[in-house]
Structures are given as structure tokens and as C-alpha cells.
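Heads up, the thing below is written out as C-alpha cells.
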Amino acid sequence: MYKSIKNAAVLSAAILSLGACNQASKSNQQKMTDSTSQQAKIPDSSGFEKNIDGKQTHLYTLKNKNGVEAAITNFGGRLVSLLVPDKNGKIVDVVQGLSSIDGYKKAGSSYFGALIGRYGNRIAKGKFTLEGKEYTLFKNNGPNTLHGGKVGYDEVVWDAKQIDSTTLQLTYLSKDMEEGFPGNLTIKVIYHLGDDNGLNISYEATTDKTTVVNLTNHAYYNLNGAGSGTILNHSLQILADNYTPVDSTLIPTGKIEPVKGTPFDYTKPATIGSRIGDANEQLKNGKGYDHNFVFNKHADTTAVVKVVGDKSGIEMDIYTEEPGIQFYSGNFMQGTNTMKYGKDDFRTAFALETQHFPDSPNQPNFPSTVLKPGQVYKTSTEYKFSVVK
Ligand code: GLA
């Protein structure tokens with residue numbers, strides 16, 4: 001029998017060694033402006049104990065042999081915290097999140113840390129046709145459907161089973177016609193924290209009717225530490241020679257265009273802020289970066305994205321089997337939510353959502369997102385952490 005290991009506020013030795021920080025002056029504590037002021041800890045589990053539609057929610061903690069910790073709730077399968085060491089060995093929480101399920105519910109349309117489905121990203125005008133039949137979805141993002149519709153997988157309670165101290169399994173049955181999508185979709189997601197300081201998220205799904213599937217995770221990262229200010233000085237590299245430009249409602253035009261000579265060229269490391277203010281129609285459409293990058297051909301052993309926090313030296317490398325990634329620079333963050341370490345201010349975290357391309361069900365030249373009975377949807381993404389001195 002597997003037993004839920006709920007976060008019992010068991011702080012690692014590394015965190016206890018932050019005693020000095022705990023003594024910091026009150027004004028320092030309030031400032032929270034650099035990576036040294038955040039007092040990284042996993043939120044108290046009590047905010048995650050809830051019964052929602054007859055299902056119990058908890059906060060689960062994974063811990064590897066290096067003391068790296070991840071906290072995940074089965075409400076929306078959300079990654080709540082990720083505690084990793086910085087260049088000085090200090091533990092930093094790199095995931096922007098909230099301290100309770102009530103907080104996550106209130107911040108709903110931001111999708112903090114959540115598992116996203118049935119279709120991650122946008123479907124134009126909330127419609128698509130499959131095997132000659134038109135399906136209509138709920139439009140929750142202007143004229144379009146975003147991240148699954150009215151109640152996506154980010155808002156449902158997943159069944160959780162803690163396999164061992166580094167592995168959490170989440171399952172969910174998404175019923176036929178739930179949010180307008182055909183087919184009973186049986187989903188299994190596994191969060192695994194490796195001893196190489198990699199957080200691997202693997203997804204598997206089967207259906208009993210032809211459907212479309214695009215699953216991802218919508219964690220917001222700040223590698224200097226959540227609540228430590230702007231992400232504009234983080235360095236970013238994406239192995240993508242192309243991206244999919246969008247219209248003003250963020251639906252791809254259908255073209256796959258080169259990044260060369262545009263602010264979307266991250267083939268070599270550049271800071272997130274270096275060109276974000278450029279006069280560029282695509283940046284205007286996204287209110288910053290909110291675009292799908294098309295990965296160059298790569299092996300799954302190649303890091304396709306590298307991000308480095310300028311203050312912490314924490315590097316995050318992404319490995320994935322997906323053909324693309326949505327880079328979202330926190331353009332809609334408005335400081336309206338009280339997060340674990342202060343407010344969710346403008347561009348103080350970014351999301352990198354591995355995915356098939358937005359609106360693929362309506363875009364014949366994009367890789368297919370169709371899943372048929374008898375087929376198995378299987379994909380995985382790893383976020384690996386190290387430090388640059
Ligand atoms: C996705 C979208 C963005 C925005 C965020 C949440 O990344 O692409 O436009 O909606 O989710 O705020």
C-alpha cells in the first residue's frame with residue numbers, strides 16, 4: 001500500500017542552515033528584492049487540505065538525495081514549489097505559486113503550476129472538425145478556447161498515488177464530451193525528481209473515440225527565486241530557428257517563420273529583456289513574448305532550452321519530446337495575487353510550456369494532435385537544474 005506523504009513541514013538540513021536569513025531585519029524581509037532575501041520553504045500543507053466535489057486534495061512532497069524538493073498538489077496537478085541550490089549553495093524556491101488551494105482558485109486564469117489539458121494553448125474560435133464532425137468548445141479567451149476551456153485539467157482534482165519519495169502518480173478520467181471534447185480520455189501523469197536534479201513530467205493517455213490531445217505543465221519560474229523581482233535579466237537560449245507568428249488574438253497565422261533577424265532569435269543566449277520592448281508587430285500581438293517556438297531537430301538527450309538566473313546562477317535546462325514550446329514572459333501578471341513570496345508583479349516569472357503547436361486541430365500543416373482509439377499518447381519533459389558559477 002502506498003501512503004500519501006503529505007508535507008509535514010519537514011525542512012531539509014539545507015533550509016535549516018538558513019538560520020542566518022531568518023534573523024534578517026524586518027525591512028530586509030519585506031524587501032524581497034534579491035535572491036538572498038527569499039526564505040525558501042514549502043508552504044504549510046494545511047492550505048491544501050480540501051474536499052472538492054467529493055475528492056480530497058493534499059500537498060505531496062518529493063525529495064531527492066541532494067535535498068532538492070518539489071511540492072505538488074493534486075488540485076490541478078500543480079507544481080507548487082521547487083527548492084534547488086543556487087551558486088552559493090543557498091536553497092531557492094524557483095517556482096512562483098500560492099500557499100493554498102483557495103489562492104490557486106482565485107488566480108485561476110493564470111494557470112500557476114498547473115497540468116493543462118485536454119488541449120494546451122488556443123483553439124481558434126472554439127471550434128474544430130474531426131472525422132467530418134464539428135465540435136464546439138467554451139470560449140474562455142476572447143474569441144478562442146485556451147488551455148482546455150471553462151474547467152480545464154488545472155481546476156480538477158486528480159487521483160494521486162505517491163509511488164516513493166521521488167515519484168508521484170496522478171490520474172484523471174476526462175469524460176466523453178467534457179468541455180466539448182470527444183472520447184473518454186484516461187490520463188496518467190508522473191512527476192519524478194531524479195538524483196540529477198531533474199524534474200521529469202511524463203504524460204500518457206488513451207481514448208475510446210478519436211479526439212485531440214495536447215498536455216503540458218504551466219509552471220512559472222523565476223530562477224533568482226520566486227518573488228525576487230524581474231525576470232528580464234535572465235539569460236535564455238532556445239534551439240529554435242523558427243516560430244509560429246500569431247494574429248492579435250494569439251492564434252497562429254499558419255506560417256512557420258524564421259526567427260533570424262527578429263527579437264525571437266534565441267538560438268544564442270540573450271536576456272529575456274534585451275529586445276522585449278522592440279517595435280515589432282509580433283511582440284505587440286503577444287504584449288511581449290507569448291509565442292510558440294518550433295524546435296530544431298534534436299535528440300531527446302539535447303537540452304533544447306537553457307535559462308540562467310542572473311543573480312542566483314541557477315540554470316534550468318529543458319529536455320522534451322514535444323515539437324514546440326510556448327515562451328510566455330509574464331505579460332499578464334498584474335500584482336493582483338498574493339503569492340508565496342509577495343505579489344505576482346509584471347514579468348516577475350516566465351512560463352515555458354512544452355507542447356504541440358497552438359490551434360493544431362485547425363492547422364493542417366502543423367504536427368497532428370489527433371489521438372485515436374488503440375493509440376497511446378506518450379510524451380515527457382524534464383526540467384534539469386544546475387548552477388553556473
Ligand atoms: C498562456 C497563454 C498566455 C496567458 C497565460 C496565462 O501561457 O499563452 O496568453 O493566457 O497562459 O495568463
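Chain lettering (A, B, ...) mirrors the order of the C-alpha cells, residue numbering begins at 1 for each chain separately, and ligand numbering begins at 1 in order of display.
Residues of protein or nucleic acid lying within 7 Å of ligand 1, counting only C-alpha atoms and all ligand atoms, are A:Ser109, A:Ser110, A:Tyr111, A:Asn121, A:Asp290, A:Gln326, A:Tyr328, A:Phe332, A:Ala351.
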Please dump the current selection as a PDB file, in the first residue's frame; keep N, CA and C atoms.
ATOM      1  N   SER A 109      -7.195  32.078 -13.856  1.00  0.00           N
ATOM      2  CA  SER A 109      -6.867  32.264 -15.266  1.00  0.00           C
ATOM      3  C   SER A 109      -5.371  32.449 -15.513  1.00  0.00           C
ATOM      4  N   SER A 110      -4.569  32.361 -14.442  1.00  0.00           N
ATOM      5  CA  SER A 110      -3.121  32.437 -14.631  1.00  0.00           C
ATOM      6  C   SER A 110      -2.497  31.044 -14.753  1.00  0.00           C
ATOM      7  N   TYR A 111      -3.234  30.005 -14.379  1.00  0.00           N
ATOM      8  CA  TYR A 111      -2.786  28.601 -14.524  1.00  0.00           C
ATOM      9  C   TYR A 111      -1.478  28.309 -13.785  1.00  0.00           C
ATOM     10  N   ASN A 121      -2.898  25.449 -24.746  1.00  0.00           N
ATOM     11  CA  ASN A 121      -2.874  26.589 -25.668  1.00  0.00           C
ATOM     12  C   ASN A 121      -4.233  26.770 -26.385  1.00  0.00           C
ATOM     13  N   ASP A 290       4.754  35.661 -26.074  1.00  0.00           N
ATOM     14  CA  ASP A 290       3.687  34.711 -25.769  1.00  0.00           C
ATOM     15  C   ASP A 290       3.499  33.884 -27.036  1.00  0.00           C
ATOM     16  N   GLN A 326       5.818  27.059 -25.752  1.00  0.00           N
ATOM     17  CA  GLN A 326       5.269  28.402 -25.610  1.00  0.00           C
ATOM     18  C   GLN A 326       6.141  29.141 -24.609  1.00  0.00           C
ATOM     19  N   TYR A 328       6.226  32.333 -22.545  1.00  0.00           N
ATOM     20  CA  TYR A 328       5.324  33.386 -22.077  1.00  0.00           C
ATOM     21  C   TYR A 328       6.077  34.193 -21.025  1.00  0.00           C
ATOM     22  N   PHE A 332       0.810  39.190 -18.548  1.00  0.00           N
ATOM     23  CA  PHE A 332      -0.499  39.478 -17.944  1.00  0.00           C
ATOM     24  C   PHE A 332      -0.432  39.501 -16.422  1.00  0.00           C
ATOM     25  N   ALA A 351       6.819  31.419 -18.149  1.00  0.00           N
ATOM     26  CA  ALA A 351       6.419  30.021 -18.346  1.00  0.00           C
ATOM     27  C   ALA A 351       7.046  29.521 -19.637  1.00  0.00           C
TER      28      ALA A 351
END
Quiz prompt | Residue neighbourhood Ala349 in chain A, 6 Å, only C-alpha atoms, exclusion window fewer than 4 positions, as a ChimeraX atom specification | solution = /A:220-222,231,330
Selection export as an mmCIF file, in the first residue's frame, atoms kept: N, CA and C atoms:
data_model
loop_
_atom_site.group_PDB
_atom_site.id
_atom_site.type_symbol
_atom_site.label_atom_id
_atom_site.label_comp_id
_atom_site.auth_asym_id
_atom_site.auth_seq_id
_atom_site.Cartn_x
_atom_site.Cartn_y
_atom_site.Cartn_z
ATOM 1 N N TYR A 220 5.353 28.623 -13.539
ATOM 2 C CA TYR A 220 6.014 29.904 -13.741
ATOM 3 C C TYR A 220 7.317 29.859 -12.956
ATOM 4 N N TYR A 221 8.409 30.197 -13.606
ATOM 5 C CA TYR A 221 9.715 30.133 -12.951
ATOM 6 C C TYR A 221 10.312 31.530 -12.783
ATOM 7 N N ASN A 222 11.038 31.689 -11.705
ATOM 8 C CA ASN A 222 11.964 32.805 -11.546
ATOM 9 C C ASN A 222 13.197 32.171 -10.922
ATOM 10 N N ILE A 231 12.247 39.134 -14.281
ATOM 11 C CA ILE A 231 12.938 38.022 -14.958
ATOM 12 C C ILE A 231 13.652 38.531 -16.215
ATOM 13 N N GLY A 330 5.229 36.451 -18.871
ATOM 14 C CA GLY A 330 4.516 37.004 -17.706
ATOM 15 C C GLY A 330 3.861 38.349 -17.972
#
Exercise. Might you pull out every residue within 12 Å of Lys284 in chain A, with only C-alpha atoms counted and same-chain residues fewer than 3 positions away left off, and present them as a PyMOL selection string?
Key: chain A and resi 245-250+263+276-281+287-291+331
Please produce an output containing C-alpha atoms for each residue in the selection, written as a short mmCIF file (atom, residue, chain, number, x, y, z; two decimals), in the first residue's frame.
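Output saved as out_5.cif:
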data_model
loop_
_atom_site.label_atom_id
_atom_site.label_comp_id
_atom_site.auth_asym_id
_atom_site.auth_seq_id
_atom_site.Cartn_x
_atom_site.Cartn_y
_atom_site.Cartn_z
CA PRO A 245 3.67 34.03 -35.69
CA VAL A 246 0.20 34.88 -34.41
CA ASP A 247 -2.68 37.25 -35.04
CA SER A 248 -3.85 39.77 -32.44
CA THR A 249 -5.84 37.03 -30.62
CA LEU A 250 -2.68 34.86 -30.39
CA PRO A 263 13.54 39.57 -31.35
CA ILE A 276 11.18 42.67 -25.43
CA GLY A 277 10.49 46.41 -25.89
CA ASP A 278 11.35 46.46 -29.61
CA ALA A 279 8.82 47.85 -32.05
CA ASN A 280 7.71 44.54 -33.52
CA GLU A 281 4.22 43.50 -34.57
CA LYS A 287 2.14 42.07 -25.30
CA GLY A 288 5.66 40.68 -25.03
CA TYR A 289 6.67 37.06 -25.65
CA ASP A 290 3.69 34.71 -25.77
CA HIS A 291 4.66 32.58 -28.75
CA ASN A 331 2.88 39.84 -19.64
#
Spatial neighbours of Tyr383 in chain A, max dist 9 Å, only C-alpha atoms, sep filter under 5 positions, as a PDB file with C-alpha atoms, in the first residue's frame:
ATOM      1  CA  ASN A 197      18.276  17.378 -10.020  1.00  0.00           C
ATOM      2  CA  GLY A 198      15.894  16.909 -12.942  1.00  0.00           C
ATOM      3  CA  LEU A 199      12.135  17.124 -12.519  1.00  0.00           C
ATOM      4  CA  ASN A 200      10.632  14.842 -15.128  1.00  0.00           C
ATOM      5  CA  ILE A 201       6.958  15.067 -16.050  1.00  0.00           C
ATOM      6  CA  MET A 316      17.376  25.302 -15.942  1.00  0.00           C
ATOM      7  CA  ASP A 317      17.768  23.014 -18.947  1.00  0.00           C
ATOM      8  CA  ILE A 318      14.705  21.616 -20.683  1.00  0.00           C
ATOM      9  CA  TYR A 319      14.622  18.256 -22.457  1.00  0.00           C
ATOM     10  CA  THR A 320      11.448  17.258 -24.260  1.00  0.00           C
TER      11      THR A 320
END
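Candidate residues A:His147, A:Lys106, A:Lys50, A:Lys188 were compared for distance to Tyr377 in chain A, and the nearest is A:Lys188, using only C-alpha atoms.
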Exercise. Name the residues of range 175-314 of chain A that come out as strand (DSSP E or B) in a backbone DSSP run; write them as number ranges by chain.
Key: A: 185-193, 198-207, 211-212, 214, 216-218, 220-221, 235-238, 242-244, 246, 252, 257-258, 270-271, 290-294, 305-308, 314
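Of the residues under consideration (A:Ile116, A:Val370, A:Ile163, A:Leu98), A:Ile116 shows the shortest atom-to-atom contact distance to Gln355 in chain A when counting only C-alpha atoms.
Taking CA of Ile256 in chain A and CA of Thr244 in chain A as endpoints, the distance between them is 4.9 Å.
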Exercise. With a distance cut-off of 12 Å and only C-alpha atoms, select the neighbouring residues of Gly324 in chain A, excluding the residue or stretch itself and same-chain residues fewer than 5 positions from it, and output the selection as an MDAnalysis selection string.
Key: chainID A and resid 120:121 214 216 238:244 256 291:298 304:305 318:319 352:358 360 366:367 381
Dump of C-alpha atoms for the selected residues, as an mmCIF file, in the first residue's frame:
data_model
loop_
_atom_site.group_PDB
_atom_site.id
_atom_site.type_symbol
_atom_site.label_atom_id
_atom_site.label_comp_id
_atom_site.auth_asym_id
_atom_site.auth_seq_id
_atom_site.Cartn_x
_atom_site.Cartn_y
_atom_site.Cartn_z
ATOM 1 C CA GLY A 120 -2.920 23.138 -24.024
ATOM 2 C CA ASN A 121 -2.874 26.589 -25.668
ATOM 3 C CA ASN A 214 -2.053 18.450 -26.076
ATOM 4 C CA THR A 216 1.623 20.384 -20.733
ATOM 5 C CA ILE A 238 16.019 28.204 -27.315
ATOM 6 C CA LEU A 239 17.201 25.827 -30.049
ATOM 7 C CA ALA A 240 14.543 27.016 -32.464
ATOM 8 C CA ASP A 241 15.319 28.507 -35.876
ATOM 9 C CA ASN A 242 11.593 29.030 -36.416
ATOM 10 C CA TYR A 243 8.456 30.094 -34.602
ATOM 11 C CA THR A 244 4.756 30.367 -35.357
ATOM 12 C CA ILE A 256 6.285 28.742 -39.714
ATOM 13 C CA HIS A 291 4.656 32.582 -28.751
ATOM 14 C CA ASN A 292 5.292 29.035 -29.850
ATOM 15 C CA PHE A 293 8.883 28.247 -30.819
ATOM 16 C CA VAL A 294 9.498 25.335 -33.210
ATOM 17 C CA PHE A 295 12.419 23.235 -32.018
ATOM 18 C CA ASN A 296 15.123 22.271 -34.481
ATOM 19 C CA LYS A 297 15.519 18.564 -34.992
ATOM 20 C CA HIS A 298 17.126 17.191 -31.833
ATOM 21 C CA VAL A 304 16.535 22.499 -26.186
ATOM 22 C CA VAL A 305 16.143 25.370 -23.753
ATOM 23 C CA ILE A 318 14.705 21.616 -20.683
ATOM 24 C CA TYR A 319 14.622 18.256 -22.457
ATOM 25 C CA LEU A 352 7.983 27.613 -20.819
ATOM 26 C CA GLU A 353 5.243 25.192 -21.849
ATOM 27 C CA THR A 354 6.411 22.271 -23.996
ATOM 28 C CA GLN A 355 3.690 21.437 -26.478
ATOM 29 C CA HIS A 356 2.344 20.695 -29.931
ATOM 30 C CA PHE A 357 1.620 23.959 -31.721
ATOM 31 C CA PRO A 358 -1.376 26.134 -30.812
ATOM 32 C CA SER A 360 -3.178 22.411 -34.483
ATOM 33 C CA PHE A 366 1.185 21.571 -38.108
ATOM 34 C CA PRO A 367 2.130 18.225 -36.487
ATOM 35 C CA THR A 381 9.587 16.768 -20.455
#
Exercise. Using only C-alpha atoms, determine which residues lie at most 10 Å from Ala40 in chain A, disregarding the query and same-chain residues fewer than 6 positions distant; provide the list as a count of residues only.
Key: 16
Hey, could you make a per-residue contact list for range 74-109 of chain A against range 155-162 of chain A with 8 Å as the cut-off, showing the nearest pair of atoms and its distance in Å to one decimal, counting only C-alpha atoms, sorted by chain and number, as CSV?
residue,atom,partner,partner_atom,distance
A:Asn74,CA,A:Trp158,CA,5.1
A:Phe75,CA,A:Val157,CA,4.6
A:Gly76,CA,A:Glu155,CA,4.9
A:Gly77,CA,A:Trp158,CA,6.5
A:Lys105,CA,A:Glu155,CA,7.7
A:Gly108,CA,A:Glu155,CA,7.8
Just-selected residues, C-alpha atoms written as a short mmCIF file (atom, residue, chain, number, x, y, z; two decimals), in the first residue's frame:
data_model
loop_
_atom_site.label_atom_id
_atom_site.label_comp_id
_atom_site.auth_asym_id
_atom_site.auth_seq_id
_atom_site.Cartn_x
_atom_site.Cartn_y
_atom_site.Cartn_z
CA ASN A 74 -3.46 17.03 -6.84
CA PHE A 75 -5.73 20.07 -7.33
CA GLY A 76 -4.95 20.69 -10.99
CA GLY A 77 -1.77 18.58 -10.62
CA LYS A 105 -8.70 29.10 -7.36
CA GLY A 108 -7.48 30.66 -11.89
#
Self-check item: Among the residues A:Val95, A:Ile52, A:Leu193, A:Leu137, the one that comes closest to Val68 in chain A [using only C-alpha atoms]
Solution: A:Leu193
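Closest approach to Leu146 in chain A among A:Gln38, A:Tyr266, A:Ser228, A:Ile251: A:Ile251, based on only C-alpha atoms.
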Exercise. Taking the DSSP assignment computed from this structure's backbone, write out as a list in words all residues of range 140-334 of chain A that belong to helix (DSSP H, G or I).
Key: Glu178, Glu179, Gly180, Glu281, Gln282, Leu283, Lys284, Asn285 and Gly286 of chain A
Quiz prompt | Polymer residues at most 7 Å from Ile190 in chain A, only C-alpha atoms, same-chain spacing of 2 or more positions, as a PyMOL selection string | solution = chain A and resi 167-170+188+192+201-203
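Across the model, the gap from CA of Glu321 in chain A to CA of Asp300 in chain A is 6.1 Å.
The coordinates place CA of Thr230 in chain A at 20.5 Å from CA of Asn88 in chain A.
With only C-alpha atoms as the atoms that count, the minimum distance from Ser100 in chain A to the choices A:Met339, A:Asp154, A:Lys311, A:Gly183 is reached by A:Met339.
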